[in-house]
file model34.pdb (PDB, C-alpha atoms)
ATOM      1  CA  MET A   1     -20.502  69.113 -25.458
ATOM      2  CA  GLU A   2     -22.126  70.214 -28.641
ATOM      3  CA  LEU A   3     -20.219  73.018 -30.238
ATOM      4  CA  ALA A   4     -23.446  74.918 -30.713
ATOM      5  CA  GLU A   5     -24.092  74.902 -27.029
ATOM      6  CA  GLN A   6     -20.503  75.642 -26.274
ATOM      7  CA  THR A   7     -20.405  78.593 -28.593
ATOM      8  CA  LYS A   8     -23.655  80.051 -27.458
ATOM      9  CA  SER A   9     -22.782  79.853 -23.828
ATOM     10  CA  SER A  10     -19.221  80.922 -24.231
ATOM     11  CA  TYR A  11     -20.182  84.361 -25.464
ATOM     12  CA  GLY A  12     -21.587  85.166 -22.084
ATOM     13  CA  LEU A  13     -18.764  83.556 -20.249
ATOM     14  CA  THR A  14     -16.629  86.080 -18.527
ATOM     15  CA  ARG A  15     -15.762  84.661 -15.180
ATOM     16  CA  GLU A  16     -15.438  80.962 -14.813
ATOM     17  CA  VAL A  17     -14.977  79.483 -11.455
ATOM     18  CA  LYS A  18     -11.461  78.399 -12.037
ATOM     19  CA  ARG A  19      -9.799  79.959  -9.084
ATOM     20  CA  GLY A  20      -6.798  77.978  -8.176
ATOM     21  CA  ILE A  21      -6.259  77.196 -11.811
ATOM     22  CA  PHE A  22      -6.228  80.596 -13.347
ATOM     23  CA  LYS A  23      -5.614  83.272 -10.810
ATOM     24  CA  THR A  24      -8.591  85.410 -11.610
ATOM     25  CA  GLY A  25     -10.567  83.391 -14.095
ATOM     26  CA  ASP A  26     -11.115  86.619 -15.983
ATOM     27  CA  LEU A  27     -11.445  86.029 -19.663
ATOM     28  CA  ARG A  28      -9.488  88.393 -21.840
ATOM     29  CA  MET A  29     -11.391  87.945 -25.032
ATOM     30  CA  SER A  30     -11.315  91.024 -27.129
ATOM     31  CA  ALA A  31     -13.839  91.847 -29.780
ATOM     32  CA  GLY A  32     -11.418  94.020 -31.607
ATOM     33  CA  PRO A  33      -7.883  93.800 -32.794
ATOM     34  CA  ILE A  34      -5.356  93.103 -30.141
ATOM     35  CA  GLN A  35      -1.841  94.185 -30.739
ATOM     36  CA  PRO A  36       0.677  91.779 -29.313
ATOM     37  CA  LYS A  37       4.284  92.707 -29.609
ATOM     38  CA  SER A  38       4.834  92.681 -33.268
ATOM     39  CA  VAL A  39       8.519  92.132 -33.687
ATOM     40  CA  GLN A  40       8.559  88.379 -33.338
ATOM     41  CA  HIS A  41       5.254  88.010 -35.080
ATOM     42  CA  LEU A  42       6.272  89.997 -38.085
ATOM     43  CA  ARG A  43       9.017  87.477 -38.520
ATOM     44  CA  ARG A  44       6.359  84.793 -38.700
ATOM     45  CA  ASN A  45       3.739  86.800 -40.502
ATOM     46  CA  PRO A  46       5.068  88.096 -43.761
ATOM     47  CA  PRO A  47       2.515  89.619 -46.127
ATOM     48  CA  ILE A  48       0.582  87.050 -48.126
ATOM     49  CA  ALA A  49      -0.196  87.719 -51.750
ATOM     50  CA  GLY A  50      -3.877  88.424 -52.266
ATOM     51  CA  GLU A  51      -4.631  88.558 -48.563
ATOM     52  CA  ALA A  52      -5.346  92.265 -48.321
ATOM     53  CA  GLU A  53      -7.818  92.122 -51.172
ATOM     54  CA  ALA A  54      -9.511  89.067 -49.687
ATOM     55  CA  ILE A  55      -9.805  90.789 -46.322
ATOM     56  CA  ALA A  56     -11.415  93.845 -47.855
ATOM     57  CA  LYS A  57     -13.875  91.753 -49.811
ATOM     58  CA  ALA A  58     -14.661  89.497 -46.867
ATOM     59  CA  GLN A  59     -15.357  92.551 -44.750
ATOM     60  CA  GLY A  60     -17.960  93.399 -47.353
ATOM     61  CA  GLY A  61     -19.554  89.975 -47.019
ATOM     62  CA  ASP A  62     -17.954  88.315 -50.017
ATOM     63  CA  ALA A  63     -18.167  84.569 -49.424
ATOM     64  CA  PRO A  64     -15.439  83.453 -51.852
ATOM     65  CA  ALA A  65     -13.080  85.956 -50.270
ATOM     66  CA  PHE A  66     -13.766  84.455 -46.873
ATOM     67  CA  GLU A  67     -13.023  81.031 -48.306
ATOM     68  CA  THR A  68      -9.752  82.411 -49.601
ATOM     69  CA  LEU A  69      -8.861  83.576 -46.112
ATOM     70  CA  TYR A  70      -9.755  80.164 -44.773
ATOM     71  CA  SER A  71      -7.499  78.499 -47.310
ATOM     72  CA  LEU A  72      -4.644  80.847 -46.502
ATOM     73  CA  HIS A  73      -4.839  80.441 -42.751
ATOM     74  CA  LYS A  74      -6.477  77.105 -41.972
ATOM     75  CA  ARG A  75      -3.205  75.281 -41.539
ATOM     76  CA  ARG A  76      -1.750  77.720 -39.087
ATOM     77  CA  VAL A  77      -4.928  78.035 -37.049
ATOM     78  CA  TYR A  78      -5.458  74.302 -36.950
ATOM     79  CA  SER A  79      -1.851  73.592 -36.062
ATOM     80  CA  LEU A  80      -2.104  76.063 -33.226
ATOM     81  CA  CYS A  81      -5.318  74.465 -31.947
ATOM     82  CA  LEU A  82      -3.867  70.992 -32.233
ATOM     83  CA  ARG A  83      -0.684  71.857 -30.426
ATOM     84  CA  MET A  84      -2.523  73.614 -27.646
ATOM     85  CA  LEU A  85      -5.140  70.898 -27.229
ATOM     86  CA  GLY A  86      -3.382  67.736 -28.271
ATOM     87  CA  ASN A  87      -6.652  66.342 -29.586
ATOM     88  CA  VAL A  88      -7.660  66.194 -33.244
ATOM     89  CA  ALA A  89     -11.425  66.321 -32.778
ATOM     90  CA  GLU A  90     -11.276  69.262 -30.391
ATOM     91  CA  ALA A  91      -8.751  71.010 -32.592
ATOM     92  CA  GLU A  92     -11.042  70.728 -35.596
ATOM     93  CA  ASP A  93     -14.056  71.920 -33.630
ATOM     94  CA  LEU A  94     -12.158  74.943 -32.419
ATOM     95  CA  THR A  95     -10.687  75.670 -35.807
ATOM     96  CA  GLN A  96     -14.235  75.838 -37.054
ATOM     97  CA  GLU A  97     -15.218  78.056 -34.166
ATOM     98  CA  ALA A  98     -12.257  80.345 -34.737
ATOM     99  CA  PHE A  99     -13.190  80.897 -38.364
ATOM    100  CA  LEU A 100     -16.823  81.463 -37.481
ATOM    101  CA  GLN A 101     -15.705  84.119 -35.051
ATOM    102  CA  LEU A 102     -13.496  85.512 -37.761
ATOM    103  CA  TYR A 103     -16.508  85.755 -40.044
ATOM    104  CA  ARG A 104     -18.436  87.675 -37.410
ATOM    105  CA  LYS A 105     -15.586  89.923 -36.324
ATOM    106  CA  ILE A 106     -13.679  90.556 -39.500
ATOM    107  CA  GLY A 107     -15.399  93.912 -39.853
ATOM    108  CA  THR A 108     -13.551  95.038 -36.739
ATOM    109  CA  PHE A 109     -10.146  94.327 -38.213
ATOM    110  CA  ARG A 110      -8.482  97.676 -38.878
ATOM    111  CA  GLY A 111      -5.039  96.579 -39.894
ATOM    112  CA  ASP A 112      -3.314  97.819 -36.761
ATOM    113  CA  SER A 113      -1.456  94.543 -36.699
ATOM    114  CA  ALA A 114      -0.836  91.868 -39.287
ATOM    115  CA  PHE A 115      -4.033  90.041 -40.110
ATOM    116  CA  SER A 116      -2.468  86.681 -39.324
ATOM    117  CA  THR A 117      -1.382  88.013 -35.936
ATOM    118  CA  TRP A 118      -4.889  89.236 -35.249
ATOM    119  CA  LEU A 119      -6.462  85.964 -36.383
ATOM    120  CA  HIS A 120      -3.903  84.020 -34.449
ATOM    121  CA  ARG A 121      -4.755  85.852 -31.266
ATOM    122  CA  LEU A 122      -8.431  85.304 -31.920
ATOM    123  CA  ALA A 123      -7.789  81.568 -32.280
ATOM    124  CA  VAL A 124      -5.730  81.488 -29.082
ATOM    125  CA  ASN A 125      -8.608  83.118 -27.258
ATOM    126  CA  VAL A 126     -11.065  80.614 -28.674
ATOM    127  CA  VAL A 127      -8.926  77.763 -27.383
ATOM    128  CA  LEU A 128      -8.440  79.352 -23.979
ATOM    129  CA  MET A 129     -12.139  80.019 -23.674
ATOM    130  CA  HIS A 130     -12.815  76.405 -24.518
ATOM    131  CA  LEU A 131     -10.340  75.143 -21.960
ATOM    132  CA  ARG A 132     -11.726  77.370 -19.272
ATOM    133  CA  LYS A 133     -15.235  76.320 -20.046
ATOM    134  CA  LYS A 134     -14.252  72.713 -19.602
ATOM    135  CA  GLY A 135     -12.833  73.666 -16.254
ATOM    136  CA  LEU A 136      -9.907  71.469 -16.608
ATOM    137  CA  PRO A 137      -7.017  70.608 -14.573
ATOM    138  CA  GLN A 138      -5.395  70.348 -17.932
ATOM    139  CA  VAL A 139      -4.965  74.086 -18.091
ATOM    140  CA  SER A 140      -3.709  74.305 -14.569
ATOM    141  CA  LEU A 141      -0.647  76.428 -14.374
ATOM    142  CA  GLU A 142       0.228  74.897 -11.078
ATOM    143  CA  GLU A 143       1.019  71.508 -12.473
ATOM    144  CA  THR A 144       4.150  70.069 -11.082
ATOM    145  CA  LEU A 145       5.860  66.804 -11.362
ATOM    146  CA  GLU A 146       7.419  64.971  -8.523
ATOM    147  CA  PRO A 147       9.523  67.558  -6.721
ATOM    148  CA  SER A 148      12.426  65.206  -6.447
ATOM    149  CA  GLN A 149      12.374  64.710 -10.176
ATOM    150  CA  GLU A 150      11.705  68.259 -11.242
ATOM    151  CA  ASP A 151      13.212  70.564  -8.724
ATOM    152  CA  GLY A 152      16.456  68.946  -7.792
ATOM    153  CA  PRO A 153      19.667  69.519  -9.664
ATOM    154  CA  ARG A 154      20.171  67.342 -12.651
ATOM    155  CA  LYS A 155      22.468  64.389 -12.191
ATOM    156  CA  ASP A 156      22.761  63.039 -15.654
ATOM    157  CA  ILE A 157      26.389  63.360 -16.442
ATOM    158  CA  GLY A 158      27.379  60.928 -19.108
ATOM    159  CA  GLU A 159      24.003  60.756 -20.788
ATOM    160  CA  ARG A 160      23.848  61.561 -24.438
ATOM    161  CA  ASP A 161      23.772  65.231 -25.151
ATOM    162  CA  LEU A 162      20.898  66.342 -27.341
ATOM    163  CA  VAL A 163      22.972  68.974 -29.037
ATOM    164  CA  LEU A 164      25.890  66.701 -29.700
ATOM    165  CA  SER A 165      23.798  63.793 -30.823
ATOM    166  CA  GLY A 166      21.892  65.908 -33.314
ATOM    167  CA  SER A 167      19.285  63.194 -33.378
ATOM    168  CA  ILE A 168      16.294  65.227 -32.304
ATOM    169  CA  ASP A 169      14.284  65.949 -35.383
ATOM    170  CA  ARG A 170      11.083  67.890 -35.741
ATOM    171  CA  VAL A 171       8.903  64.801 -35.497
ATOM    172  CA  ALA A 172      10.478  63.785 -32.221
ATOM    173  CA  LEU A 173      10.009  67.249 -30.805
ATOM    174  CA  GLU A 174       6.409  67.385 -32.022
ATOM    175  CA  ARG A 175       5.746  64.093 -30.300
ATOM    176  CA  ALA A 176       7.393  65.246 -27.105
ATOM    177  CA  VAL A 177       5.354  68.451 -27.087
ATOM    178  CA  GLU A 178       2.202  66.381 -27.480
ATOM    179  CA  ASN A 179       3.187  64.428 -24.407
ATOM    180  CA  LEU A 180       3.735  67.443 -22.213
ATOM    181  CA  PRO A 181       1.284  67.937 -19.383
ATOM    182  CA  PRO A 182      -1.374  70.282 -20.793
ATOM    183  CA  GLY A 183      -0.507  73.240 -18.601
ATOM    184  CA  TYR A 184       3.127  73.078 -19.568
ATOM    185  CA  ARG A 185       2.260  72.549 -23.202
ATOM    186  CA  LEU A 186       0.109  75.642 -23.284
ATOM    187  CA  VAL A 187       2.864  77.958 -22.116
ATOM    188  CA  PHE A 188       5.531  76.255 -24.170
ATOM    189  CA  VAL A 189       3.501  76.466 -27.379
ATOM    190  CA  LEU A 190       2.576  80.082 -26.791
ATOM    191  CA  HIS A 191       6.123  81.183 -25.937
ATOM    192  CA  ASP A 192       8.605  78.981 -27.708
ATOM    193  CA  VAL A 193       6.593  77.957 -30.738
ATOM    194  CA  GLU A 194       4.283  80.897 -31.339
ATOM    195  CA  GLY A 195       6.545  83.628 -30.086
ATOM    196  CA  TYR A 196       4.404  85.334 -27.486
ATOM    197  CA  GLU A 197       6.139  87.231 -24.705
ATOM    198  CA  HIS A 198       5.658  86.320 -21.075
ATOM    199  CA  ASN A 199       3.680  89.456 -20.370
ATOM    200  CA  GLU A 200       1.300  88.573 -23.183
ATOM    201  CA  ILE A 201       0.954  85.013 -21.951
ATOM    202  CA  ALA A 202       0.387  86.216 -18.415
ATOM    203  CA  ASP A 203      -2.344  88.482 -19.707
ATOM    204  CA  MET A 204      -3.964  85.747 -21.762
ATOM    205  CA  LEU A 205      -3.827  83.167 -19.004
ATOM    206  CA  SER A 206      -4.486  85.565 -16.166
ATOM    207  CA  CYS A 207      -1.419  84.441 -14.341
ATOM    208  CA  SER A 208       1.702  86.194 -13.199
ATOM    209  CA  ILE A 209       4.663  86.738 -15.486
ATOM    210  CA  GLY A 210       6.764  84.774 -13.042
ATOM    211  CA  ASN A 211       4.353  81.897 -13.257
ATOM    212  CA  SER A 212       4.575  81.922 -17.021
ATOM    213  CA  LYS A 213       8.377  81.869 -16.854
ATOM    214  CA  SER A 214       8.340  79.097 -14.314
ATOM    215  CA  GLN A 215       5.968  76.973 -16.363
ATOM    216  CA  LEU A 216       8.042  77.495 -19.471
ATOM    217  CA  HIS A 217      11.169  76.339 -17.702
ATOM    218  CA  LYS A 218       9.417  73.286 -16.341
ATOM    219  CA  ALA A 219       8.058  72.540 -19.785
ATOM    220  CA  ARG A 220      11.524  72.669 -21.317
ATOM    221  CA  MET A 221      12.898  70.468 -18.552
ATOM    222  CA  LYS A 222      10.111  67.989 -19.095
ATOM    223  CA  LEU A 223      10.732  68.037 -22.829
ATOM    224  CA  ARG A 224      14.366  67.297 -22.197
ATOM    225  CA  ASP A 225      13.387  64.290 -20.137
ATOM    226  CA  LEU A 226      10.972  63.129 -22.814
ATOM    227  CA  LEU A 227      13.507  63.535 -25.581
ATOM    228  CA  ARG A 228      16.213  61.770 -23.630
ATOM    229  CA  SER A 229      13.826  58.998 -22.822
ATOM    230  CA  GLY A 230      13.067  58.666 -26.518
ATOM    231  CA  GLN A 231      16.766  58.546 -27.289
ATOM    232  CA  ARG A 232      17.335  55.808 -24.768
ATOM    233  CA  LYS A 233      14.506  53.735 -26.197
ATOM    234  CA  GLU A 234      15.930  54.138 -29.674
ATOM    235  CA  SER A 235      19.362  53.131 -28.559
ATOM    236  CA  ILE A 236      17.986  50.010 -26.883
ATOM    237  CA  ALA A 237      15.875  48.989 -29.874
TER     238      ALA A 237
ATOM    239  CA  MET B   1      26.410  67.686  -7.034
ATOM    240  CA  ASN B   2      29.177  69.998  -8.031
ATOM    241  CA  ASN B   3      30.215  72.934  -5.976
ATOM    242  CA  THR B   4      32.076  75.691  -7.685
ATOM    243  CA  ARG B   5      33.315  79.100  -6.832
ATOM    244  CA  ASP B   6      31.766  81.860  -8.860
ATOM    245  CA  GLN B   7      34.784  83.982  -9.533
ATOM    246  CA  GLN B   8      32.814  87.025 -10.575
ATOM    247  CA  ASP B   9      30.591  87.249  -7.561
ATOM    248  CA  GLY B  10      32.913  85.617  -5.158
ATOM    249  CA  ILE B  11      30.145  83.438  -3.845
ATOM    250  CA  SER B  12      29.794  79.729  -3.722
ATOM    251  CA  MET B  13      27.279  78.332  -6.154
ATOM    252  CA  ASN B  14      26.226  74.764  -6.482
ATOM    253  CA  CYS B  15      24.193  73.036  -9.162
ATOM    254  CA  ALA B  16      20.884  73.507  -7.432
ATOM    255  CA  GLU B  17      21.437  77.217  -7.015
ATOM    256  CA  PHE B  18      22.565  77.602 -10.585
ATOM    257  CA  GLN B  19      19.669  75.646 -11.998
ATOM    258  CA  GLU B  20      17.276  77.710  -9.973
ATOM    259  CA  MET B  21      18.655  80.774 -11.719
ATOM    260  CA  ILE B  22      18.433  79.345 -15.220
ATOM    261  CA  PRO B  23      14.938  80.648 -16.118
ATOM    262  CA  GLU B  24      15.890  84.211 -15.246
ATOM    263  CA  LEU B  25      19.236  83.927 -16.972
ATOM    264  CA  PHE B  26      17.555  82.790 -20.163
ATOM    265  CA  GLU B  27      15.040  85.591 -19.981
ATOM    266  CA  SER B  28      17.719  88.188 -19.410
ATOM    267  CA  GLY B  29      19.363  87.283 -22.681
ATOM    268  CA  THR B  30      22.550  86.298 -20.944
ATOM    269  CA  ASN B  31      24.790  83.761 -22.596
ATOM    270  CA  VAL B  32      24.079  81.179 -19.963
ATOM    271  CA  SER B  33      26.773  78.843 -21.191
ATOM    272  CA  ASN B  34      29.340  81.465 -20.241
ATOM    273  CA  GLU B  35      28.179  81.705 -16.666
ATOM    274  CA  ALA B  36      30.943  80.773 -14.282
ATOM    275  CA  HIS B  37      29.186  77.735 -12.931
ATOM    276  CA  ALA B  38      28.355  76.399 -16.388
ATOM    277  CA  LEU B  39      31.973  76.759 -17.413
ATOM    278  CA  GLU B  40      33.077  74.613 -14.515
ATOM    279  CA  CYS B  41      30.279  72.097 -14.283
ATOM    280  CA  GLU B  42      29.790  69.780 -17.253
ATOM    281  CA  ASN B  43      26.475  68.546 -15.913
ATOM    282  CA  CYS B  44      24.938  71.998 -15.809
ATOM    283  CA  ALA B  45      26.610  73.002 -19.059
ATOM    284  CA  ALA B  46      24.935  70.049 -20.776
ATOM    285  CA  LEU B  47      21.625  71.049 -19.262
ATOM    286  CA  VAL B  48      22.000  74.589 -20.551
ATOM    287  CA  ARG B  49      22.887  73.351 -24.030
ATOM    288  CA  ASP B  50      19.868  71.081 -24.100
ATOM    289  CA  LEU B  51      17.480  73.790 -22.973
ATOM    290  CA  GLU B  52      18.869  76.227 -25.531
ATOM    291  CA  TYR B  53      18.563  73.574 -28.190
ATOM    292  CA  ILE B  54      14.954  72.786 -27.312
ATOM    293  CA  ALA B  55      13.996  76.464 -27.380
ATOM    294  CA  SER B  56      15.707  76.979 -30.717
ATOM    295  CA  GLN B  57      14.117  73.900 -32.290
ATOM    296  CA  ALA B  58      10.671  74.948 -31.090
ATOM    297  CA  LYS B  59      10.905  78.075 -33.201
ATOM    298  CA  LEU B  60      11.291  75.840 -36.226
ATOM    299  CA  LEU B  61       8.068  73.973 -35.600
ATOM    300  CA  LEU B  62       6.037  75.247 -38.484
ATOM    301  CA  PRO B  63       2.340  74.686 -38.997
ATOM    302  CA  ILE B  64       2.228  71.311 -40.666
ATOM    303  CA  HIS B  65      -1.230  70.052 -39.960
ATOM    304  CA  ASP B  66      -4.264  70.583 -42.166
ATOM    305  CA  PRO B  67      -7.784  70.269 -40.839
ATOM    306  CA  SER B  68     -10.044  67.725 -42.477
ATOM    307  CA  PRO B  69     -12.481  68.947 -45.162
ATOM    308  CA  ALA B  70     -15.248  68.450 -42.599
ATOM    309  CA  VAL B  71     -14.123  71.646 -40.890
ATOM    310  CA  TRP B  72     -14.867  73.818 -43.893
ATOM    311  CA  ASP B  73     -18.121  71.946 -44.438
ATOM    312  CA  GLY B  74     -19.105  72.736 -40.872
ATOM    313  CA  ILE B  75     -18.223  76.395 -41.299
ATOM    314  CA  GLN B  76     -20.283  76.650 -44.453
ATOM    315  CA  SER B  77     -23.211  74.918 -42.814
ATOM    316  CA  ALA B  78     -23.111  77.219 -39.806
ATOM    317  CA  LEU B  79     -22.837  80.311 -41.979
ATOM    318  CA  ARG B  80     -25.784  79.197 -44.087
ATOM    319  CA  THR B  81     -27.824  78.816 -40.928
ATOM    320  CA  GLU B  82     -26.845  82.281 -39.809
ATOM    321  CA  THR B  83     -27.677  83.750 -43.187
ATOM    322  CA  ASP B  84     -31.011  81.965 -43.346
ATOM    323  CA  ASN B  85     -31.948  83.247 -39.956
ATOM    324  CA  GLU B  86     -30.597  86.682 -40.776
ATOM    325  CA  ALA B  87     -29.190  86.861 -37.310
ATOM    326  CA  PRO B  88     -26.252  85.356 -35.500
ATOM    327  CA  ALA B  89     -27.096  81.824 -34.539
ATOM    328  CA  PRO B  90     -25.379  79.191 -32.524
ATOM    329  CA  THR B  91     -22.857  77.318 -34.572
ATOM    330  CA  GLY B  92     -23.486  73.765 -35.595
ATOM    331  CA  LYS B  93     -21.070  71.036 -34.825
ATOM    332  CA  ARG B  94     -19.124  70.015 -37.858
ATOM    333  CA  SER B  95     -20.465  66.976 -39.606
TER     334      SER B  95
END

call {"tool": "encode", "arguments": {"input": "model34.pdb", "output": "structure tokens"}}
result
Amino acid sequence: MELAEQTKSSYGLTREVKRGIFKTGDLRMSAGPIQPKSVQHLRRNPPIAGEAEAIAKAQGGDAPAFETLYSLHKRRVYSLCLRMLGNVAEAEDLTQEAFLQLYRKIGTFRGDSAFSTWLHRLAVNVVLMHLRKKGLPQVSLEETLEPSQEDGPRKDIGERDLVLSGSIDRVALERAVENLPPGYRLVFVLHDVEGYEHNEIADMLSCSIGNSKSQLHKARMKLRDLLRSGQRKESIA
Amino acid sequence: MNNTRDQQDGISMNCAEFQEMIPELFESGTNVSNEAHALECENCAALVRDLEYIASQAKLLLPIHDPSPAVWDGIQSALRTETDNEAPAPTGKRS
């Protein structure tokens, strides 16, 4: 779908028919600053030199200042989009869309939360809106693997221990996250990587807090399987 | 499957029951490795260690990806269109 069409239509999108995927299908896009719990985010969002001045100027329509903000935050926004989507082309399209929304909404930023937190939430909403618009099973929060594989007790005594082996590096984990089923990946990225709380995730995804917790656990279990599988392949090679 | 006696609660807990509790235990901030079952069952203790390790490593996943220059080009193009039209316009797909 052309991004132009997607963007135009998505503004009016408030209630996708995604029942059974998201519980209510109610989009929680906010035009103004949203204040997620700040404690964890402050840890990840220290003040950036020159940012405050750039924000003020960009709010006044200063184009170079907006470019400065893009330069400061493009990596984080794009990384978020890429991790949530697992697709480079889509991630770049939505990074563009997120910054266009930033351009339009920056006047509403009042500094109630860190700018990066605010922008981050805006980007998350752009991605979620996109996923809902596509109507995908890939955002289903009901995804499950084979019950016998996922729900039963683990019987892997004697297998290499990830902690003891110390062989799981960032690249391996990145790759494993990419290979998570999309619904699991979404919750895992939001909670474990980005630091959102379950109540925030439940609000964003219109699901229950319990569902968010359950999906996170399943995501971690699946990651463990993926990482162990990678270890076994390495040991064979 | 291992069956152990949870000394604190005085109830029997097996691996399946323990693993079912793991999500809530993590969320409660409990030191899951010190749970009675984990102390007695190496299988579940290894599982707990792995899950803790995965969660801790995830926090270290920093933004490492940069978008291609085409993204900024697309933003500029869309903003020019908006400015030219002097009204919000649909965004153009990046070139």

call {"tool": "resolve_selection", "arguments": {"input": "model34.pdb", "expression": "the PyMOL selection byres ((chain A and resi 213-224) around 8)", "output": "PyMOL selection string"}}
result
(chain A and resi 141+150+176-177+180+183-185+187-188+191+198+209-212+225-228) or (chain B and resi 23+50-51+54-55)

call {"tool": "write_last_selection", "arguments": {"input": "model34.pdb", "atoms": "C-alpha atoms", "output": "short mmCIF file (atom, residue, chain, number, x, y, z; two decimals), in the coordinates of the input"}}
result
data_model
loop_
_atom_site.label_atom_id
_atom_site.label_comp_id
_atom_site.auth_asym_id
_atom_site.auth_seq_id
_atom_site.Cartn_x
_atom_site.Cartn_y
_atom_site.Cartn_z
CA LEU A 141 -0.65 76.43 -14.37
CA GLU A 150 11.70 68.26 -11.24
CA ALA A 176 7.39 65.25 -27.10
CA VAL A 177 5.35 68.45 -27.09
CA LEU A 180 3.74 67.44 -22.21
CA GLY A 183 -0.51 73.24 -18.60
CA TYR A 184 3.13 73.08 -19.57
CA ARG A 185 2.26 72.55 -23.20
CA VAL A 187 2.86 77.96 -22.12
CA PHE A 188 5.53 76.26 -24.17
CA HIS A 191 6.12 81.18 -25.94
CA HIS A 198 5.66 86.32 -21.08
CA ILE A 209 4.66 86.74 -15.49
CA GLY A 210 6.76 84.77 -13.04
CA ASN A 211 4.35 81.90 -13.26
CA SER A 212 4.58 81.92 -17.02
CA ASP A 225 13.39 64.29 -20.14
CA LEU A 226 10.97 63.13 -22.81
CA LEU A 227 13.51 63.54 -25.58
CA ARG A 228 16.21 61.77 -23.63
CA PRO B 23 14.94 80.65 -16.12
CA ASP B 50 19.87 71.08 -24.10
CA LEU B 51 17.48 73.79 -22.97
CA ILE B 54 14.95 72.79 -27.31
CA ALA B 55 14.00 76.46 -27.38
#

call {"tool": "resolve_selection", "arguments": {"input": "model34.pdb", "expression": "the PyMOL selection byres ((chain B) within 8 of (chain A))", "output": "PyMOL selection string"}}
result
chain B and resi 1+15-16+19+23+42-44+46-47+49-51+53-61+63-68+71-72+74-75+78-79+90-94

call {"tool": "write_last_selection", "arguments": {"input": "model34.pdb", "atoms": "C-alpha atoms", "output": "PDB file, keeping the file's coordinate frame"}}
result
ATOM      1  CA  MET B   1      26.410  67.686  -7.034  1.00  0.00           C
ATOM      2  CA  CYS B  15      24.193  73.036  -9.162  1.00  0.00           C
ATOM      3  CA  ALA B  16      20.884  73.507  -7.432  1.00  0.00           C
ATOM      4  CA  GLN B  19      19.669  75.646 -11.998  1.00  0.00           C
ATOM      5  CA  PRO B  23      14.938  80.648 -16.118  1.00  0.00           C
ATOM      6  CA  GLU B  42      29.790  69.780 -17.253  1.00  0.00           C
ATOM      7  CA  ASN B  43      26.475  68.546 -15.913  1.00  0.00           C
ATOM      8  CA  CYS B  44      24.938  71.998 -15.809  1.00  0.00           C
ATOM      9  CA  ALA B  46      24.935  70.049 -20.776  1.00  0.00           C
ATOM     10  CA  LEU B  47      21.625  71.049 -19.262  1.00  0.00           C
ATOM     11  CA  ARG B  49      22.887  73.351 -24.030  1.00  0.00           C
ATOM     12  CA  ASP B  50      19.868  71.081 -24.100  1.00  0.00           C
ATOM     13  CA  LEU B  51      17.480  73.790 -22.973  1.00  0.00           C
ATOM     14  CA  TYR B  53      18.563  73.574 -28.190  1.00  0.00           C
ATOM     15  CA  ILE B  54      14.954  72.786 -27.312  1.00  0.00           C
ATOM     16  CA  ALA B  55      13.996  76.464 -27.380  1.00  0.00           C
ATOM     17  CA  SER B  56      15.707  76.979 -30.717  1.00  0.00           C
ATOM     18  CA  GLN B  57      14.117  73.900 -32.290  1.00  0.00           C
ATOM     19  CA  ALA B  58      10.671  74.948 -31.090  1.00  0.00           C
ATOM     20  CA  LYS B  59      10.905  78.075 -33.201  1.00  0.00           C
ATOM     21  CA  LEU B  60      11.291  75.840 -36.226  1.00  0.00           C
ATOM     22  CA  LEU B  61       8.068  73.973 -35.600  1.00  0.00           C
ATOM     23  CA  PRO B  63       2.340  74.686 -38.997  1.00  0.00           C
ATOM     24  CA  ILE B  64       2.228  71.311 -40.666  1.00  0.00           C
ATOM     25  CA  HIS B  65      -1.230  70.052 -39.960  1.00  0.00           C
ATOM     26  CA  ASP B  66      -4.264  70.583 -42.166  1.00  0.00           C
ATOM     27  CA  PRO B  67      -7.784  70.269 -40.839  1.00  0.00           C
ATOM     28  CA  SER B  68     -10.044  67.725 -42.477  1.00  0.00           C
ATOM     29  CA  VAL B  71     -14.123  71.646 -40.890  1.00  0.00           C
ATOM     30  CA  TRP B  72     -14.867  73.818 -43.893  1.00  0.00           C
ATOM     31  CA  GLY B  74     -19.105  72.736 -40.872  1.00  0.00           C
ATOM     32  CA  ILE B  75     -18.223  76.395 -41.299  1.00  0.00           C
ATOM     33  CA  ALA B  78     -23.111  77.219 -39.806  1.00  0.00           C
ATOM     34  CA  LEU B  79     -22.837  80.311 -41.979  1.00  0.00           C
ATOM     35  CA  PRO B  90     -25.379  79.191 -32.524  1.00  0.00           C
ATOM     36  CA  THR B  91     -22.857  77.318 -34.572  1.00  0.00           C
ATOM     37  CA  GLY B  92     -23.486  73.765 -35.595  1.00  0.00           C
ATOM     38  CA  LYS B  93     -21.070  71.036 -34.825  1.00  0.00           C
ATOM     39  CA  ARG B  94     -19.124  70.015 -37.858  1.00  0.00           C
TER      40      ARG B  94
END

call {"tool": "residues_near_point", "arguments": {"input": "model34.pdb", "point": "(15.2, 89.4, -25.5)", "cutoff": "12 Å", "atoms": "all atoms listed in the file", "output": "PyMOL selection string"}}
result
(chain A and resi 39-40+195-198) or (chain B and resi 24-31)

call {"tool": "atom_distance", "arguments": {"input": "model34.pdb", "atom1": "CA of Gly50 in chain A", "atom2": "CA of Ser116 in chain A"}}
result
13.1 Å

call {"tool": "residues_around", "arguments": {"input": "model34.pdb", "residues": "Val124 in chain A", "least_positions_apart": "3", "cutoff": "8 Å", "atoms": "only C-alpha atoms", "output": "ChimeraX atom specification"}}
result
/A:80-81,120-121,127-128

call {"tool": "residues_near_point", "arguments": {"input": "model34.pdb", "point": "(-2.8, 63.0, -26.4)", "cutoff": "7 Å", "atoms": "all atoms listed in the file", "output": "list in words"}}
result
Gly86, Asn87, Glu178 and Asn179 of chain A

call {"tool": "atom_distance", "arguments": {"input": "model34.pdb", "atom1": "CA of Ala36 in chain B", "atom2": "CA of Met13 in chain B"}}
result
9.2 Å
